[in-house]
>>> print(open('input-v7.cif').read())   # mmCIF, C-alpha atoms and all ligand atoms
data_entry
loop_
_atom_site.label_atom_id
_atom_site.label_comp_id
_atom_site.auth_asym_id
_atom_site.auth_seq_id
_atom_site.Cartn_x
_atom_site.Cartn_y
_atom_site.Cartn_z
CA MET A 1 219.00 -241.76 -15.31
CA PRO A 2 219.91 -245.21 -13.92
CA GLU A 3 223.49 -246.32 -14.74
CA THR A 4 224.03 -249.19 -17.17
CA ASN A 5 224.30 -252.39 -15.18
CA ALA A 6 222.31 -250.77 -12.40
CA PRO A 7 220.30 -253.37 -10.46
CA LEU A 8 216.96 -254.40 -11.99
CA VAL A 9 215.90 -256.48 -9.00
CA ALA A 10 216.29 -255.67 -5.32
CA VAL A 11 216.30 -258.55 -2.85
CA ILE A 12 215.74 -257.22 0.64
CA MET A 13 215.33 -259.13 3.87
CA GLY A 14 214.50 -258.27 7.46
CA SER A 15 217.58 -259.83 9.02
CA LYS A 16 220.94 -261.31 8.11
CA SER A 17 219.50 -264.55 9.49
CA ASP A 18 217.25 -264.64 6.40
CA TRP A 19 220.25 -264.79 4.04
CA GLU A 20 220.67 -268.58 4.29
CA THR A 21 217.23 -268.83 2.65
CA MET A 22 217.34 -265.76 0.42
CA ARG A 23 220.74 -266.56 -1.04
CA HIS A 24 218.80 -269.00 -3.23
CA ALA A 25 216.95 -266.05 -4.82
CA ASP A 26 220.23 -264.21 -5.21
CA GLU A 27 221.84 -267.25 -6.84
CA MET A 28 218.97 -267.76 -9.29
CA LEU A 29 219.16 -264.11 -10.38
CA THR A 30 222.92 -264.53 -10.85
CA GLN A 31 222.35 -267.70 -12.88
CA PHE A 32 220.14 -265.72 -15.27
CA GLY A 33 222.61 -262.82 -15.41
CA ILE A 34 220.18 -260.33 -13.87
CA PRO A 35 221.81 -257.26 -12.31
CA HIS A 36 220.55 -257.21 -8.75
CA GLU A 37 221.43 -256.24 -5.21
CA SER A 38 220.70 -257.95 -1.90
CA LYS A 39 220.38 -255.98 1.32
CA VAL A 40 219.22 -256.28 4.91
CA MET A 41 216.63 -253.78 6.09
CA SER A 42 213.74 -254.10 8.46
CA ALA A 43 210.26 -252.62 8.63
CA HIS A 44 210.62 -252.61 12.41
CA ARG A 45 214.29 -252.07 13.16
CA THR A 46 215.19 -249.68 10.34
CA PRO A 47 211.85 -248.19 9.24
CA ALA A 48 213.36 -244.95 7.87
CA LEU A 49 215.98 -246.78 5.81
CA THR A 50 213.30 -249.11 4.43
CA THR A 51 210.99 -246.33 3.29
CA GLU A 52 213.83 -244.21 1.89
CA TYR A 53 215.33 -247.14 -0.05
CA THR A 54 211.94 -248.14 -1.44
CA ALA A 55 210.91 -244.65 -2.42
CA GLU A 56 214.13 -244.27 -4.45
CA ALA A 57 214.06 -247.72 -6.07
CA GLU A 58 212.06 -246.82 -9.18
CA ALA A 59 214.27 -243.83 -10.04
CA ARG A 60 217.33 -246.07 -9.63
CA GLY A 61 216.01 -248.37 -12.37
CA ILE A 62 214.86 -251.23 -10.14
CA GLU A 63 211.88 -253.01 -11.72
CA VAL A 64 210.98 -255.67 -9.15
CA ILE A 65 211.48 -255.85 -5.39
CA ILE A 66 211.67 -259.17 -3.55
CA ALA A 67 211.05 -258.67 0.17
CA ALA A 68 211.57 -261.46 2.70
CA ALA A 69 210.73 -261.40 6.38
CA GLY A 70 209.75 -263.69 9.21
CA GLY A 71 207.42 -263.56 12.21
CA ALA A 72 205.16 -260.48 12.17
CA ALA A 73 206.42 -259.98 8.64
CA HIS A 74 205.52 -256.45 7.60
CA LEU A 75 208.46 -255.79 5.29
CA ALA A 76 206.81 -256.62 1.95
CA GLY A 77 203.66 -254.68 2.83
CA VAL A 78 205.55 -251.60 4.00
CA VAL A 79 207.70 -251.70 0.88
CA ALA A 80 204.62 -252.06 -1.35
CA ALA A 81 203.10 -249.02 0.36
CA HIS A 82 205.99 -246.88 -0.84
CA THR A 83 206.32 -247.94 -4.47
CA ILE A 84 204.24 -248.97 -7.47
CA LEU A 85 206.92 -251.50 -8.51
CA PRO A 86 205.85 -255.15 -8.27
CA VAL A 87 206.68 -256.45 -4.79
CA LEU A 88 207.15 -260.19 -4.27
CA GLY A 89 206.97 -261.33 -0.66
CA VAL A 90 208.79 -264.37 0.68
CA PRO A 91 207.67 -265.56 4.14
CA MET A 92 210.61 -266.84 6.19
CA GLU A 93 210.25 -270.03 8.19
CA SER A 94 210.02 -268.93 11.82
CA GLN A 95 210.98 -271.01 14.84
CA ALA A 96 207.76 -270.56 16.81
CA LEU A 97 205.18 -271.11 14.06
CA LYS A 98 207.19 -272.60 11.20
CA GLY A 99 206.47 -269.62 8.96
CA MET A 100 202.67 -269.63 9.20
CA ASP A 101 202.96 -266.26 10.98
CA SER A 102 205.22 -264.92 8.22
CA LEU A 103 202.95 -266.31 5.50
CA LEU A 104 199.77 -264.75 6.85
CA SER A 105 201.45 -261.42 7.64
CA THR A 106 202.78 -261.22 4.10
CA VAL A 107 199.91 -262.61 2.08
CA GLN A 108 196.89 -261.01 3.76
CA MET A 109 197.26 -257.51 2.33
CA PRO A 110 194.10 -255.42 2.36
CA ALA A 111 192.82 -254.48 -1.11
CA GLY A 112 194.66 -251.62 -2.81
CA ILE A 113 198.31 -252.41 -2.06
CA PRO A 114 199.31 -255.75 -3.60
CA VAL A 115 202.09 -258.07 -2.49
CA GLY A 116 202.60 -261.18 -4.63
CA THR A 117 203.36 -263.80 -1.99
CA LEU A 118 205.40 -266.93 -2.65
CA ALA A 119 205.82 -270.11 -0.61
CA ILE A 120 207.47 -270.23 2.82
CA GLY A 121 211.27 -270.55 2.80
CA LYS A 122 213.63 -271.81 0.09
CA PRO A 123 210.98 -272.73 -2.54
CA GLY A 124 209.54 -269.24 -2.15
CA ALA A 125 212.98 -267.65 -2.49
CA ILE A 126 213.70 -269.55 -5.70
CA ASN A 127 210.25 -268.88 -7.14
CA ALA A 128 210.38 -265.18 -6.25
CA ALA A 129 213.53 -264.91 -8.35
CA LEU A 130 211.95 -266.87 -11.21
CA LEU A 131 208.83 -264.71 -11.08
CA ALA A 132 210.93 -261.54 -11.07
CA ILE A 133 212.77 -262.91 -14.11
CA ALA A 134 209.45 -263.70 -15.83
CA ILE A 135 208.29 -260.11 -15.22
CA LEU A 136 211.52 -258.74 -16.70
CA ALA A 137 211.27 -261.21 -19.59
CA ASN A 138 208.00 -259.64 -20.80
CA THR A 139 210.02 -256.87 -22.42
CA ARG A 140 213.35 -258.71 -22.95
CA PRO A 141 213.31 -261.39 -25.69
CA ASP A 142 216.74 -262.78 -24.75
CA LEU A 143 215.57 -263.37 -21.22
CA ARG A 144 212.40 -265.07 -22.50
CA LYS A 145 214.61 -267.49 -24.42
CA LYS A 146 216.65 -268.22 -21.28
CA LEU A 147 213.48 -268.85 -19.31
CA HIS A 148 212.16 -271.26 -21.96
CA ALA A 149 215.53 -273.05 -21.93
CA PHE A 150 215.43 -273.28 -18.11
CA ARG A 151 211.97 -274.87 -18.21
CA ALA A 152 213.00 -277.29 -20.96
CA GLU A 153 216.08 -278.38 -19.00
CA GLN A 154 214.01 -278.84 -15.86
CA ALA A 155 211.55 -281.04 -17.76
CA ARG A 156 214.43 -283.02 -19.30
CA ASN A 157 215.87 -283.65 -15.85
CA VAL A 158 212.54 -284.92 -14.52
CA LYS A 159 212.10 -287.25 -17.52
CA GLN A 160 215.57 -288.70 -16.93
CA GLU A 161 214.88 -289.55 -13.27
CA THR A 162 215.18 -293.23 -12.43
CA LEU A 163 213.94 -294.89 -9.26
CA PRO A 164 215.65 -297.75 -7.44
C1 LIG A 201 212.36 -260.71 10.94
O1 LIG A 201 212.54 -261.37 12.13
C2 LIG A 201 213.45 -261.19 10.03
O2 LIG A 201 213.01 -261.14 8.71
C3 LIG A 201 213.73 -262.59 10.49
O3 LIG A 201 213.11 -263.57 9.68
C4 LIG A 201 213.12 -262.62 11.89
C5 LIG A 201 214.14 -262.94 12.96
O4 LIG A 201 215.19 -262.00 12.87
P1 LIG A 201 216.51 -262.16 13.78
O5 LIG A 201 216.03 -262.13 15.19
O6 LIG A 201 217.13 -263.48 13.38
O7 LIG A 201 217.38 -261.00 13.41
O8 LIG A 201 212.40 -259.33 11.09
#
>>> encode(input="input-v7.cif", output="structure tokens", more="lines below")
Ligand code: RP5
Amino acid sequence: MPETNAPLVAVIMGSKSDWETMRHADEMLTQFGIPHESKVMSAHRTPALTTEYTAEAEARGIEVIIAAAGGAAHLAGVVAAHTILPVLGVPMESQALKGMDSLLSTVQMPAGIPVGTLAIGKPGAINAALLAIAILANTRPDLRKKLHAFRAEQARNVKQETLP
């Protein structure tokens, strides 16, 4: 049985260099009070750790996995291959191709093993967290309320914008 306060969302990333982007997902989950954990693991550099961690995630009580990687970004796909939990992929902006490589590697999953892919970089990190929260909110009325409040505040802020 998962412990109380065990993480509901796992945020994993292929390198510590992804943290500057993925901390935005971590922060959004914190803002909504979602128990979560953020870790570095790589489909290429630590393949055994990645498969072991993913295979155990469901039994640990994790309900959504956010997986971020850049370049030949296999992390989300490999993770999705080892779990039936929803996997949200965030393509990291790469130096050489500005994240187009990461985007295509993450989004173009062959039929049968889905990865829900978000935008490249920071917007994708933030939206991955919000989508994970929306998934959790389906069965958590308090969280639904928070999500409605978040949207309402966002709309209020836009309506209050003034231009020079
Ligand atoms: C990927 O390679 C990581 O997800 C990162 O986006 C990219 C570059 O990694 P480092 O060389 O910065 O460790 O595996």
>>> closest_residue(input="input-v7.cif", among="A:Ile65, A:Ala48, A:Met100, A:Ala72", to="Gly116 in chain A", atoms="all atoms listed in the file")
A:Ile65
>>> residues_near_ligand(input="input-v7.cif", ligand="ligand LIG 201 (chain A)", cutoff="12 Å", atoms="only C-alpha atoms and all ligand atoms", output="ChimeraX atom specification")
/A:12-22,39-47,67-76,89-99,101-103,105-106,120-121
>>> closest_residue(input="input-v7.cif", among="A:Arg23, A:Val11, A:Lys159, A:Ala6", to="Lys122 in chain A", atoms="all atoms listed in the file")
A:Arg23
>>> atom_distance(input="input-v7.cif", atom1="CA of His82 in chain A", atom2="CA of Ala119 in chain A")
23.2 Å
>>> closest_residue(input="input-v7.cif", among="A:Leu49, A:Val9, A:Met109, A:Ile135", to="Gly61 in chain A", atoms="all atoms listed in the file")
A:Val9
>>> axis_aligned_box(input="input-v7.cif", around="range 46-49 of chain A", padding_each_side="6 Å", output="JSON")
{"center_x": 213.9, "center_y": -247.3, "center_z": 8.1, "size_x": 16.1, "size_y": 16.7, "size_z": 16.5}
>>> closest_residue(input="input-v7.cif", among="A:Gly77, A:Pro164, A:Pro123, A:Gly33", to="Leu104 in chain A", atoms="all atoms listed in the file")
A:Gly77
>>> atom_distance(input="input-v7.cif", atom1="CA of Val79 in chain A", atom2="CA of Thr54 in chain A")
6.0 Å
>>> atom_distance(input="input-v7.cif", atom1="CA of Ala149 in chain A", atom2="CA of Ile66 in chain A")
23.4 Å
>>> closest_residue(input="input-v7.cif", among="A:Ile113, A:Leu8, A:Ala125, A:Leu88", to="Ala137 in chain A", atoms="only C-alpha atoms")
A:Leu8
>>> closest_residue(input="input-v7.cif", among="A:Ile133, A:Val87, A:Leu118, A:Ile126", to="Pro35 in chain A", atoms="only C-alpha atoms")
A:Ile133
